[in-house]
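Text of query_27.cif (mmCIF, C-alpha atoms and all ligand atoms) as supplied:
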data_upload
#
loop_
_atom_site.label_atom_id
_atom_site.label_comp_id
_atom_site.auth_asym_id
_atom_site.auth_seq_id
_atom_site.Cartn_x
_atom_site.Cartn_y
_atom_site.Cartn_z
CA MET Q 28 -0.01 52.78 103.33
CA LYS Q 29 2.88 53.42 105.75
CA THR Q 30 4.87 50.40 106.90
CA SER Q 31 5.91 50.14 110.56
CA LEU Q 32 8.43 47.56 111.74
CA VAL Q 33 8.08 46.58 115.40
CA THR Q 34 10.89 44.65 117.10
CA GLY Q 35 9.95 43.00 120.39
CA ALA Q 36 6.49 42.40 118.93
CA THR Q 37 5.75 39.56 121.35
CA GLY Q 38 6.53 41.60 124.47
CA GLN Q 39 4.23 43.71 126.64
CA ASP Q 40 4.72 46.98 124.72
CA GLY Q 41 4.90 45.27 121.34
CA SER Q 42 1.50 43.69 121.85
CA TYR Q 43 -0.10 47.08 122.62
CA LEU Q 44 1.82 48.95 119.92
CA ILE Q 45 0.89 46.53 117.13
CA ARG Q 46 -2.79 47.01 117.99
CA LYS Q 47 -2.33 50.78 118.02
CA LEU Q 48 -0.54 50.82 114.65
CA LEU Q 49 -3.15 48.57 113.05
CA SER Q 50 -5.87 50.91 114.32
CA GLU Q 51 -3.96 53.76 112.62
CA GLY Q 52 -4.17 51.91 109.27
CA ARG Q 53 -0.53 50.87 109.01
CA ARG Q 54 1.03 47.83 107.43
CA VAL Q 55 2.77 46.36 110.50
CA CYS Q 56 5.78 44.05 110.23
CA ALA Q 57 6.00 42.29 113.59
CA LEU Q 58 9.50 40.92 114.19
CA THR Q 59 9.52 37.73 116.24
CA ARG Q 60 12.46 35.52 117.10
CA ARG Q 61 12.79 31.77 117.12
CA VAL Q 62 12.36 30.25 120.59
CA SER Q 63 11.79 26.66 121.66
CA THR Q 64 8.36 27.27 123.20
CA SER Q 65 5.70 29.63 121.85
CA ASN Q 66 6.28 33.30 122.64
CA MET Q 67 3.03 34.44 120.99
CA ALA Q 68 0.71 34.34 124.04
CA ARG Q 69 0.09 38.12 124.09
CA ILE Q 70 -0.78 38.32 120.38
CA THR Q 71 -2.44 35.00 119.52
CA ASP Q 72 -5.57 36.91 118.48
CA LEU Q 73 -3.66 39.00 115.93
CA LYS Q 74 -3.82 37.05 112.68
CA PRO Q 75 -1.57 37.96 109.75
CA GLY Q 76 -3.10 39.46 106.61
CA VAL Q 77 -5.34 42.40 105.75
CA GLN Q 78 -7.44 43.50 108.73
CA GLU Q 79 -11.04 44.75 108.76
CA ASN Q 80 -10.03 48.43 108.59
CA GLY Q 81 -7.67 47.81 105.64
CA SER Q 82 -4.48 47.75 107.70
CA GLU Q 83 -2.19 44.75 107.34
CA LEU Q 84 -0.20 42.56 109.69
CA VAL Q 85 2.88 40.62 108.57
CA TYR Q 86 5.01 38.44 110.83
CA CYS Q 87 8.71 38.23 110.05
CA VAL Q 88 11.41 36.25 111.80
CA GLY Q 89 14.60 37.95 112.94
CA ASP Q 90 16.88 38.36 115.92
CA LEU Q 91 18.61 41.48 117.19
CA THR Q 92 21.84 39.51 117.53
CA ASP Q 93 21.74 38.51 113.85
CA SER Q 94 22.47 41.26 111.29
CA PRO Q 95 21.66 39.22 108.16
CA SER Q 96 18.11 38.53 109.39
CA LEU Q 97 17.59 42.25 110.08
CA MET Q 98 19.04 43.30 106.71
CA ARG Q 99 16.70 40.85 104.97
CA VAL Q 100 13.63 42.33 106.70
CA PHE Q 101 14.67 45.94 105.95
CA ASP Q 102 15.47 45.02 102.35
CA GLU Q 103 12.08 43.36 101.88
CA TYR Q 104 9.85 45.93 103.61
CA ALA Q 105 11.84 49.24 103.54
CA PRO Q 106 9.85 50.41 106.60
CA ASP Q 107 8.75 54.02 107.05
CA GLU Q 108 9.01 53.60 110.84
CA VAL Q 109 10.94 51.28 113.14
CA TYR Q 110 10.00 50.88 116.80
CA ASN Q 111 12.89 49.10 118.49
CA LEU Q 112 11.28 47.47 121.53
CA ALA Q 113 13.26 44.21 121.52
CA ALA Q 114 15.50 43.74 124.54
CA GLN Q 115 16.71 41.48 127.28
CA SER Q 116 14.66 43.73 129.53
CA ASP Q 117 15.07 42.13 132.97
CA VAL Q 118 17.43 44.27 135.04
CA ARG Q 119 18.30 41.57 137.60
CA VAL Q 120 18.92 38.97 134.91
CA SER Q 121 21.31 41.40 133.16
CA PHE Q 122 23.76 40.77 136.02
CA ASP Q 123 23.66 37.04 135.11
CA VAL Q 124 23.96 37.53 131.33
CA PRO Q 125 25.78 40.88 130.92
CA GLU Q 126 27.41 40.10 127.56
CA TYR Q 127 24.20 38.82 125.98
CA THR Q 128 22.35 41.86 127.34
CA GLY Q 129 24.91 44.09 125.62
CA GLU Q 130 24.55 42.12 122.36
CA VAL Q 131 20.79 42.60 122.24
CA ASP Q 132 20.19 45.90 124.02
CA ALA Q 133 23.25 47.87 122.87
CA LEU Q 134 24.47 46.34 119.61
CA GLY Q 135 20.93 45.38 118.57
CA ALA Q 136 20.01 49.07 118.25
CA LEU Q 137 23.23 49.74 116.33
CA ARG Q 138 22.47 46.89 113.92
CA LEU Q 139 19.03 48.33 113.14
CA LEU Q 140 20.41 51.83 112.56
CA GLU Q 141 23.08 50.35 110.30
CA CYS Q 142 20.35 48.63 108.25
CA ILE Q 143 18.76 52.05 107.73
CA ARG Q 144 22.09 53.61 106.77
CA GLN Q 145 23.47 50.84 104.57
CA LEU Q 146 20.24 50.34 102.64
CA GLY Q 147 19.96 54.05 101.82
CA LEU Q 148 16.88 54.60 104.01
CA THR Q 149 18.22 57.55 106.05
CA LYS Q 150 15.73 60.03 104.55
CA LYS Q 151 12.82 57.60 104.68
CA THR Q 152 12.88 55.53 107.86
CA ARG Q 153 12.02 57.04 111.25
CA PHE Q 154 13.47 55.22 114.27
CA TYR Q 155 12.20 54.91 117.86
CA GLN Q 156 14.58 53.57 120.52
CA ALA Q 157 13.11 52.12 123.73
CA SER Q 158 15.32 53.97 126.20
CA THR Q 159 14.65 53.76 129.90
CA SER Q 160 14.51 55.57 133.22
CA GLU Q 161 17.12 53.00 134.38
CA LEU Q 162 19.62 55.32 132.65
CA PHE Q 163 19.17 57.72 135.60
CA GLY Q 164 20.23 54.97 138.04
CA ALA Q 165 21.84 56.58 141.08
CA VAL Q 166 19.72 59.64 140.46
CA ARG Q 167 21.45 63.03 140.33
CA GLU Q 168 18.24 65.06 140.70
CA LYS Q 169 14.55 64.61 141.54
CA PRO Q 170 12.41 64.37 139.49
CA GLN Q 171 14.31 63.19 136.41
CA SER Q 172 13.88 64.88 133.02
CA GLU Q 173 15.60 64.87 129.62
CA THR Q 174 18.38 67.06 131.05
CA THR Q 175 19.14 64.94 134.14
CA PRO Q 176 22.62 63.35 133.92
CA PHE Q 177 22.71 59.57 133.48
CA ALA Q 178 24.21 57.29 136.15
CA PRO Q 179 23.41 53.66 135.16
CA ARG Q 180 23.56 50.92 137.82
CA SER Q 181 23.26 47.61 135.89
CA PRO Q 182 24.55 45.88 132.76
CA TYR Q 183 21.04 46.45 131.36
CA ALA Q 184 21.19 50.21 131.92
CA ILE Q 185 24.74 50.43 130.58
CA ALA Q 186 23.72 48.59 127.40
CA LYS Q 187 20.71 50.91 127.04
CA LEU Q 188 23.03 53.91 127.52
CA TYR Q 189 25.05 52.76 124.49
CA ALA Q 190 21.83 52.45 122.47
CA TYR Q 191 20.66 55.88 123.66
CA TRP Q 192 23.81 57.62 122.46
CA THR Q 193 23.96 55.59 119.25
CA THR Q 194 20.45 56.83 118.45
CA VAL Q 195 21.50 60.45 119.11
CA ASN Q 196 24.68 59.95 117.08
CA TYR Q 197 22.89 58.53 114.03
CA ARG Q 198 20.45 61.44 114.18
CA GLU Q 199 23.28 63.97 114.24
CA ALA Q 200 25.73 62.19 111.91
CA TYR Q 201 23.35 60.89 109.21
CA GLY Q 202 20.22 62.99 109.67
CA ILE Q 203 18.05 59.99 110.56
CA PHE Q 204 14.72 60.88 112.20
CA ALA Q 205 15.69 58.98 115.37
CA CYS Q 206 14.09 59.46 118.80
CA ASN Q 207 14.73 58.13 122.28
CA GLY Q 208 11.70 57.55 124.47
CA ILE Q 209 13.08 57.60 128.01
CA LEU Q 210 10.23 55.64 129.54
CA PHE Q 211 9.62 55.16 133.24
CA ASN Q 212 8.19 51.82 134.40
CA HIS Q 213 4.94 50.93 132.69
CA GLU Q 214 2.85 47.92 133.51
CA SER Q 215 -0.34 46.18 132.44
CA PRO Q 216 -2.06 42.80 132.57
CA TYR Q 217 0.40 41.86 129.76
CA ARG Q 218 3.45 42.61 131.93
CA GLY Q 219 5.90 39.70 132.24
CA GLU Q 220 5.48 37.79 135.51
CA ASN Q 221 9.16 38.33 136.37
CA PHE Q 222 8.56 42.07 136.92
CA VAL Q 223 7.54 43.16 140.38
CA THR Q 224 4.03 44.54 139.74
CA ARG Q 225 2.78 41.52 137.82
CA LYS Q 226 4.56 39.14 140.17
CA ILE Q 227 2.55 40.73 142.99
CA THR Q 228 -0.86 40.83 141.27
CA ARG Q 229 -0.46 37.28 139.99
CA ALA Q 230 0.64 35.89 143.37
CA ALA Q 231 -2.03 37.80 145.32
CA ALA Q 232 -4.74 36.33 143.06
CA ARG Q 233 -3.30 32.85 143.50
CA ILE Q 234 -3.20 33.28 147.28
CA TYR Q 235 -6.81 34.52 147.18
CA TYR Q 236 -7.92 31.36 145.35
CA GLY Q 237 -5.82 29.08 147.57
CA LEU Q 238 -3.38 28.07 144.82
CA GLN Q 239 -0.34 29.59 146.55
CA GLU Q 240 0.53 30.18 150.22
CA LYS Q 241 2.92 33.12 150.15
CA LEU Q 242 4.95 35.44 148.02
CA ARG Q 243 8.77 35.78 148.15
CA MET Q 244 10.06 39.28 147.44
CA GLY Q 245 13.27 41.33 147.20
CA ASN Q 246 13.77 45.00 148.10
CA LEU Q 247 10.43 46.43 149.25
CA ASP Q 248 11.70 49.96 149.72
CA SER Q 249 12.71 50.90 146.20
CA ARG Q 250 10.44 53.48 144.64
CA ARG Q 251 9.19 53.60 141.08
CA ASP Q 252 7.11 55.85 138.84
CA TRP Q 253 4.58 53.35 137.48
CA GLY Q 254 2.24 54.03 134.56
CA HIS Q 255 0.04 52.00 132.20
CA ALA Q 256 1.72 50.53 129.08
CA GLN Q 257 -1.23 51.53 126.89
CA ASP Q 258 -0.57 55.22 127.55
CA TYR Q 259 3.16 54.82 126.92
CA VAL Q 260 2.82 53.21 123.47
CA ASP Q 261 0.63 56.18 122.51
CA GLY Q 262 3.61 58.38 123.42
CA MET Q 263 6.01 56.29 121.28
CA PHE Q 264 3.69 56.76 118.32
CA LEU Q 265 3.46 60.54 118.85
CA MET Q 266 7.27 60.86 118.88
CA LEU Q 267 7.56 59.42 115.36
CA GLN Q 268 4.64 61.50 113.99
CA HIS Q 269 6.13 64.83 115.15
CA ASP Q 270 7.74 67.41 112.80
CA TYR Q 271 11.28 66.83 114.06
CA PRO Q 272 13.12 64.09 115.98
CA ASP Q 273 13.95 64.51 119.66
CA ASP Q 274 14.23 62.63 122.97
CA TYR Q 275 11.39 62.58 125.51
CA VAL Q 276 10.71 61.36 129.04
CA LEU Q 277 7.36 59.59 129.49
CA ALA Q 278 6.34 59.27 133.14
CA SER Q 279 3.37 59.64 135.45
CA GLY Q 280 5.18 62.02 137.82
CA GLU Q 281 4.00 59.98 140.83
CA GLN Q 282 6.12 57.50 142.71
CA HIS Q 283 5.35 54.68 145.12
CA SER Q 284 7.37 52.03 146.91
CA VAL Q 285 7.16 48.31 146.14
CA ARG Q 286 5.82 47.94 149.70
CA GLU Q 287 2.94 50.36 148.97
CA PHE Q 288 2.14 48.50 145.75
CA LEU Q 289 1.93 45.24 147.71
CA GLU Q 290 -0.27 46.74 150.41
CA ILE Q 291 -2.72 48.22 147.88
CA VAL Q 292 -3.02 44.99 145.88
CA PHE Q 293 -3.62 42.87 148.97
CA ARG Q 294 -6.09 45.41 150.36
CA LYS Q 295 -8.12 45.12 147.16
CA LEU Q 296 -8.47 41.41 147.95
CA ASP Q 297 -9.50 42.11 151.57
CA TYR Q 298 -6.17 41.30 153.20
CA ASP Q 299 -4.64 43.70 155.69
CA LEU Q 300 -0.84 43.45 155.65
CA GLU Q 301 1.20 44.21 158.75
CA TRP Q 302 5.01 44.24 158.55
CA GLN Q 303 7.09 42.50 161.22
CA GLY Q 304 10.87 42.04 161.45
CA HIS Q 305 13.73 43.60 159.49
CA GLY Q 306 15.88 42.93 156.43
CA VAL Q 307 15.63 39.40 155.08
CA ASP Q 308 13.68 38.42 158.23
CA GLU Q 309 10.85 40.85 157.49
CA LYS Q 310 7.41 39.32 156.90
CA GLY Q 311 4.05 40.60 155.69
CA ILE Q 312 1.34 39.12 157.91
CA ASP Q 313 -2.41 39.31 157.38
CA ARG Q 314 -3.79 41.01 160.51
CA ARG Q 315 -7.09 39.12 160.31
CA THR Q 316 -5.81 35.54 159.99
CA GLY Q 317 -2.24 35.87 161.32
CA LYS Q 318 -1.00 34.10 158.16
CA THR Q 319 2.35 35.08 156.64
CA LEU Q 320 1.66 36.17 153.07
CA VAL Q 321 4.97 37.86 152.17
CA GLU Q 322 8.54 36.79 152.90
CA ILE Q 323 11.87 38.26 151.87
CA ALA Q 324 14.35 36.25 149.80
CA ALA Q 325 17.94 37.35 149.19
CA GLU Q 326 17.90 35.99 145.61
CA PHE Q 327 15.64 38.84 144.46
CA PHE Q 328 18.05 41.59 145.54
CA ARG Q 329 20.38 43.14 142.96
CA PRO Q 330 24.14 43.74 143.34
CA THR Q 331 23.40 47.45 142.73
CA GLU Q 332 19.89 48.84 143.07
CA VAL Q 333 18.12 51.86 141.65
CA ASP Q 334 16.37 53.18 144.75
CA TYR Q 335 14.29 56.04 143.46
CA LEU Q 336 12.75 56.94 140.11
CA CYS Q 337 10.25 59.71 139.45
CA GLY Q 338 9.90 61.33 136.05
CA ASP Q 339 9.06 64.80 134.79
CA ALA Q 340 7.23 64.46 131.45
CA THR Q 341 6.62 68.21 130.95
CA LYS Q 342 8.41 68.21 127.58
CA ALA Q 343 6.26 65.38 126.15
CA ARG Q 344 3.15 67.09 127.50
CA LYS Q 345 4.01 70.47 125.97
CA ILE Q 346 5.43 69.35 122.62
CA LEU Q 347 3.60 66.10 121.90
CA ASN Q 348 0.45 66.86 123.91
CA TRP Q 349 0.99 63.47 125.62
CA ARG Q 350 -0.96 62.84 128.79
CA PRO Q 351 -1.42 59.46 130.52
CA LYS Q 352 -5.09 58.46 130.80
CA HIS Q 353 -4.72 55.83 133.52
CA SER Q 354 -4.26 56.63 137.21
CA PHE Q 355 -2.04 54.56 139.51
CA ASP Q 356 -5.11 53.03 141.14
CA GLY Q 357 -6.67 52.38 137.71
CA LEU Q 358 -3.55 50.50 136.66
CA ILE Q 359 -3.66 48.30 139.76
CA GLU Q 360 -7.41 47.66 139.29
CA ASP Q 361 -6.81 46.58 135.70
CA MET Q 362 -4.03 44.18 136.68
CA VAL Q 363 -5.80 42.73 139.72
CA ARG Q 364 -9.04 42.20 137.85
CA HIS Q 365 -7.22 40.45 135.00
CA ASP Q 366 -5.25 38.17 137.32
CA LEU Q 367 -8.31 37.28 139.39
CA GLU Q 368 -10.06 36.16 136.20
CA LEU Q 369 -7.03 34.25 134.97
CA THR Q 370 -6.60 32.48 138.31
CA GLN Q 371 -10.30 31.66 138.55
CA HIS Q 372 -9.98 29.81 135.20
CA GLU Q 373 -6.89 28.01 136.47
CA LYS Q 374 -8.68 26.98 139.64
CA LYS Q 375 -11.73 25.71 137.73
CA ALA Q 376 -9.47 23.63 135.48
CA LEU Q 377 -7.66 22.21 138.52
CA ASP Q 378 -10.93 21.46 140.34
CA LYS Q 379 -12.07 19.38 137.33
CA LEU Q 380 -9.04 17.06 137.61
P1 LIG I 401 9.34 42.64 127.30
O1 LIG I 401 7.91 42.36 127.61
O2 LIG I 401 10.41 41.95 128.05
O3 LIG I 401 9.54 42.33 125.73
C1 LIG I 401 10.83 42.23 125.15
C2 LIG I 401 10.69 41.80 123.72
O4 LIG I 401 11.99 41.70 123.14
C3 LIG I 401 10.03 40.41 123.55
O5 LIG I 401 9.21 40.46 122.41
C4 LIG I 401 11.23 39.51 123.29
O6 LIG I 401 10.92 38.35 122.56
C5 LIG I 401 12.08 40.45 122.46
N1 LIG I 401 13.48 40.03 122.37
C6 LIG I 401 14.31 39.71 123.38
N2 LIG I 401 15.51 39.37 122.90
C7 LIG I 401 15.44 39.46 121.55
C8 LIG I 401 16.34 39.23 120.48
N3 LIG I 401 17.59 38.81 120.70
N4 LIG I 401 15.93 39.43 119.21
C9 LIG I 401 14.66 39.83 118.95
N5 LIG I 401 13.74 40.07 119.93
C10 LIG I 401 14.14 39.88 121.19
O7 LIG I 401 9.63 44.21 127.39
P2 LIG I 401 8.60 45.42 127.42
O8 LIG I 401 8.21 45.68 128.82
O9 LIG I 401 7.58 45.23 126.38
O10 LIG I 401 9.56 46.63 127.01
C11 LIG I 401 9.75 47.00 125.65
C12 LIG I 401 11.06 47.76 125.53
O11 LIG I 401 11.01 48.93 126.33
C13 LIG I 401 12.29 47.00 125.99
O12 LIG I 401 13.34 47.39 125.15
C14 LIG I 401 12.53 47.49 127.40
O13 LIG I 401 13.90 47.38 127.73
C15 LIG I 401 12.10 48.94 127.24
N6 LIG I 401 11.55 49.60 128.44
C16 LIG I 401 10.54 49.00 129.14
C17 LIG I 401 9.98 49.65 130.22
C18 LIG I 401 8.85 49.06 131.01
O14 LIG I 401 8.60 49.52 132.12
N7 LIG I 401 8.14 48.08 130.47
C19 LIG I 401 10.49 50.91 130.60
C20 LIG I 401 11.50 51.48 129.84
C21 LIG I 401 12.02 50.83 128.76
P3 LIG I 401 10.40 36.99 123.28
O15 LIG I 401 8.93 37.19 123.51
O16 LIG I 401 10.72 35.97 122.25
O17 LIG I 401 11.17 36.84 124.56
O1 LIG I 402 9.70 45.33 138.22
P1 LIG I 402 11.17 45.42 138.22
O2 LIG I 402 11.93 44.17 137.92
O3 LIG I 402 11.52 46.59 137.22
P2 LIG I 402 12.83 47.50 137.03
O4 LIG I 402 14.05 46.86 137.54
O5 LIG I 402 12.49 48.84 137.56
O6 LIG I 402 12.95 47.52 135.44
C1 LIG I 402 11.81 47.69 134.61
O7 LIG I 402 11.60 49.05 134.39
C2 LIG I 402 12.67 49.71 133.67
C3 LIG I 402 12.27 51.19 133.53
O8 LIG I 402 12.71 51.90 134.66
C4 LIG I 402 12.83 49.05 132.32
F1 LIG I 402 13.80 49.69 131.62
C5 LIG I 402 13.16 47.58 132.51
O9 LIG I 402 13.24 46.95 131.24
C6 LIG I 402 12.06 46.92 133.32
O10 LIG I 402 10.88 46.94 132.55
O11 LIG I 402 11.69 45.93 139.63
C7 LIG I 402 11.19 47.12 140.22
C8 LIG I 402 11.73 47.25 141.63
C9 LIG I 402 13.24 47.05 141.75
O12 LIG I 402 13.77 48.02 142.61
C10 LIG I 402 13.41 45.68 142.38
O13 LIG I 402 14.57 45.51 143.17
O14 LIG I 402 11.15 46.20 142.42
C11 LIG I 402 12.16 45.64 143.23
N1 LIG I 402 11.76 44.28 143.61
C12 LIG I 402 11.52 43.87 144.88
N2 LIG I 402 11.21 42.57 144.90
C13 LIG I 402 11.59 43.23 142.79
C14 LIG I 402 11.23 42.15 143.60
N3 LIG I 402 11.68 43.12 141.44
C15 LIG I 402 11.41 41.90 140.89
N4 LIG I 402 11.48 41.79 139.54
N5 LIG I 402 11.07 40.80 141.66
C16 LIG I 402 10.96 40.88 143.03
O15 LIG I 402 10.67 39.89 143.70
#
Show me, as structure tokens, the structure contained in the file I just sent.
Amino acid sequence: MKTSLVTGATGQDGSYLIRKLLSEGRRVCALTRRVSTSNMARITDLKPGVQENGSELVYCVGDLTDSPSLMRVFDEYAPDEVYNLAAQSDVRVSFDVPEYTGEVDALGALRLLECIRQLGLTKKTRFYQASTSELFGAVREKPQSETTPFAPRSPYAIAKLYAYWTTVNYREAYGIFACNGILFNHESPYRGENFVTRKITRAAARIYYGLQEKLRMGNLDSRRDWGHAQDYVDGMFLMLQHDYPDDYVLASGEQHSVREFLEIVFRKLDYDLEWQGHGVDEKGIDRRTGKTLVEIAAEFFRPTEVDYLCGDATKARKILNWRPKHSFDGLIEDMVRHDLELTQHEKKALDKL
């Protein structure tokens, strides 16, 4: 049985990837870190031990800022595959904690690759690095592909750039089967509530059920290429099963503005947003009731923004036969439906008080 180590196991992608790997019959070592409140919400249903199909799940504790903990895990499990998903992944927050972001996102990847090298696993262990479309930053061409020059615009993207090149370097210098997945934004009902799509679907559902009055937003005009996380973890898996290591863009090839995303979500809940005013004074007002549902708040703007991302995933399609199954509207449906259900439960619990 092949052993796959997943860092960032408690995150959005980790929670989908663990399920995928278990369904493929792997022994999965899910790396979690010590935090003061539970971080297991997305994977509470995944119990350790041998699963029904014979696969196995093991939880191990480690932190990307702590080499000894990583060495211990590699020494114990000698994984056949490592998916490095762990990161301080919030771009805006990376401006507040730039050094920590570098520790986890840049040096964290280096520490894992050093475990492979120092423990003599270079011929055995395949390595996936969660690289990002944020590397393209102030984009040099549209759409962006594997050959588009990088121009990072945040401490997060700069840290990820270091990890990207470290992955390439360890592939070339030591022959490690190491791949970068340059993934464009991917969302799901498991997306953290700090990211814009989930913030919107969660707030819209709360407004719908009368638990919240309005939503405070940052830059509505930035454009992103949004896909569904489930499709993107399939792509990560394909990269490590291929005959040779390489770097791939995964993207939907469609892009939409934050404003459009808001309008579609609210329309699904029977609101009809009309925009009035400019800059931080702009408001989103429901045409039917005249109520202000969206306001702008300066705190959600970034010192430097990535205005436009749209990916070209031709290489992944041709070489890995990767194709996303979810449409943009299907993604929004999935998220809205989930958050309506979640909020309905919340409301029922509150009504009982
Ligand atoms: P996420 O939901 O924020 O999950 C991040 C994971 O990293 C969590 O499990 C978190 O643990 C863990 N982590 C954070 N700091 C750590 C540390 N010091 N040591 C060990 N684990 C640590 O992110 P995601 O959306 O699943 O993304 C997965 C990866 O893909 C990230 O590397 C992200 O930067 C990258 N990426 C994401 C996207 C996207 O659109 N989602 C696009 C491109 C690239 P806790 O649960 O304990 O906080
Ligand atoms: O949802 P976001 O925070 O995602 P962002 O910055 O694009 O980063 C995500 O995708 C990257 C891949 O390209 C990953 F590497 C990264 O780890 C993360 O998963 O913001 C999307 C856009 C930005 O332009 C932001 O300025 O939405 C804009 N935005 C407008 N109002 C907002 C808000 N973003 C957040 N988080 N909150 C707002 O209120």
Self-check item: All residues 9 Å or closer to Leu73 (chain Q), all atoms listed in the file, same chain fewer than 5 positions away omitted, as a PyMOL selection string
Solution: chain Q and resi 45-46+84
Residue subset to file, keeping C-alpha atoms, as a PDB file, in the coordinates of the input:
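The resulting file, result.pdb, is reproduced below:
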ATOM      1  CA  ILE Q  45       0.890  46.530 117.130  1.00  0.00           C
ATOM      2  CA  ARG Q  46      -2.790  47.010 117.990  1.00  0.00           C
ATOM      3  CA  LEU Q  84      -0.200  42.560 109.690  1.00  0.00           C
TER       4      LEU Q  84
END
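Across Q:Met244, Q:Val276, Q:Ile312, Q:Val292, the tightest approach to ligand LIG 402 (chain I) is made by Q:Met244 when counting all atoms listed in the file.
Taking CA of Gln115 (chain Q) and atom C7 of ligand LIG 402 (chain I) as the two end points, the separation is 15.2 Å.
You will find CA of Leu97 (chain Q) at 23.5 Å from CA of Gln268 (chain Q).
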Exercise. Compute the set of protein, DNA and RNA residues whose minimum atom distance to ligand LIG 402 (chain I) is at most 6 Å, using all atoms listed in the file, and state it as an MDAnalysis selection string.
Key: chainID Q and resid 116:118 159:161 211:212 221:224 244:247 249 285 327:328 333
Residues of the last selection are to be written out with C-alpha atoms, as a compact mmCIF listing (two decimals), keeping the file's coordinate frame.
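Saved the output as result-v4.txt:
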# COMPACT_ATOMS: atom_id res chain seq x y z
CA SER Q 116 14.66 43.73 129.53
CA ASP Q 117 15.07 42.13 132.97
CA VAL Q 118 17.43 44.27 135.04
CA THR Q 159 14.65 53.76 129.90
CA SER Q 160 14.51 55.57 133.22
CA GLU Q 161 17.12 53.00 134.38
CA PHE Q 211 9.62 55.16 133.24
CA ASN Q 212 8.19 51.82 134.40
CA ASN Q 221 9.16 38.33 136.37
CA PHE Q 222 8.56 42.07 136.92
CA VAL Q 223 7.54 43.16 140.38
CA THR Q 224 4.03 44.54 139.74
CA MET Q 244 10.06 39.28 147.44
CA GLY Q 245 13.27 41.33 147.20
CA ASN Q 246 13.77 45.00 148.10
CA LEU Q 247 10.43 46.43 149.25
CA SER Q 249 12.71 50.90 146.20
CA VAL Q 285 7.16 48.31 146.14
CA PHE Q 327 15.64 38.84 144.46
CA PHE Q 328 18.05 41.59 145.54
CA VAL Q 333 18.12 51.86 141.65
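Between CA of Glu309 (chain Q) and CA of Ser284 (chain Q) the separation is 15.8 Å.
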Quiz item: Using all atoms listed in the file, which residue out of Q:Gly338, Q:Gly81, Q:Pro75, Q:Pro106 lies closest to ligand LIG 401 (chain I)?
Solution: Q:Gly338
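Neighbours of ligand LIG 401 (chain I) at a cut-off of 6 Å, computed so that all atoms listed in the file are counted, are the residues Gly35, Ala36, Thr37, Gly38, Gln39, Asp40, Gly41, Arg60, Asn66, Asp90, Leu91, Thr92, Leu112, Ala113, Ala114, Gln115, Ser116, Val131, Ala157, Ser158, Thr159, Leu210, Phe211, Asn212, His213 and Gly219 of chain Q.
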Quiz item: Contacts of Arg364 (chain Q) at 9 Å or less, counting all atoms listed in the file, minus same-chain residues fewer than 5 places along, as a PyMOL selection string?
Solution: chain Q and resi 216+228+232+359+369
Quiz prompt | Polymer residues at most 9 Å from (21.6, 49.6, 124.4) by all atoms listed in the file, as an MDAnalysis selection string | solution = chainID Q and resid 114 128:137 156:158 183:193
Quiz prompt | Tyr201 (chain Q) environment, 9 Å, all atoms listed in the file, sequence neighbours closer than 4 positions dropped, as a list of chain:residue names | solution = Q:Arg144, Q:Thr149, Q:Lys150, Q:Asn196, Q:Tyr197
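Using all atoms listed in the file for every distance, the candidate list Q:Tyr259, Q:Cys206, Q:Arg233, Q:Trp302 yields Q:Cys206 as the residue closest to Asp273 (chain Q).
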Can you pull out every residue within 10 Å of Val195 (chain Q), counting only C-alpha atoms, but drop anything in the same chain fewer than 6 positions away, and send it as a short mmCIF file (atom, residue, chain, number, x, y, z; two decimals) with C-alpha atoms, in the frame of the given file?
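Result file part34.cif:
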data_model
loop_
_atom_site.label_atom_id
_atom_site.label_comp_id
_atom_site.auth_asym_id
_atom_site.auth_seq_id
_atom_site.Cartn_x
_atom_site.Cartn_y
_atom_site.Cartn_z
CA GLN Q 156 14.58 53.57 120.52
CA GLY Q 202 20.22 62.99 109.67
CA ILE Q 203 18.05 59.99 110.56
CA PHE Q 204 14.72 60.88 112.20
CA ALA Q 205 15.69 58.98 115.37
CA CYS Q 206 14.09 59.46 118.80
CA ASN Q 207 14.73 58.13 122.28
CA PRO Q 272 13.12 64.09 115.98
CA ASP Q 273 13.95 64.51 119.66
CA ASP Q 274 14.23 62.63 122.97
#
Practice problem: Can you work out which one of Q:Thr194, Q:Asn80, Q:Ser94, Q:Asn111 has the shortest atom-to-atom distance to Phe264 (chain Q), counting all atoms listed in the file? | Solution: Q:Asn111
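Distance check against Tyr271 (chain Q) using only C-alpha atoms: of Q:Arg180, Q:Leu347, Q:Ala324, Q:Val85, the minimum falls on Q:Leu347.
Of the listed residues (Q:His353, Q:Arg218, Q:Arg153, Q:Arg315), Q:Arg218 comes nearest to Tyr43 (chain Q); the distances count all atoms listed in the file.
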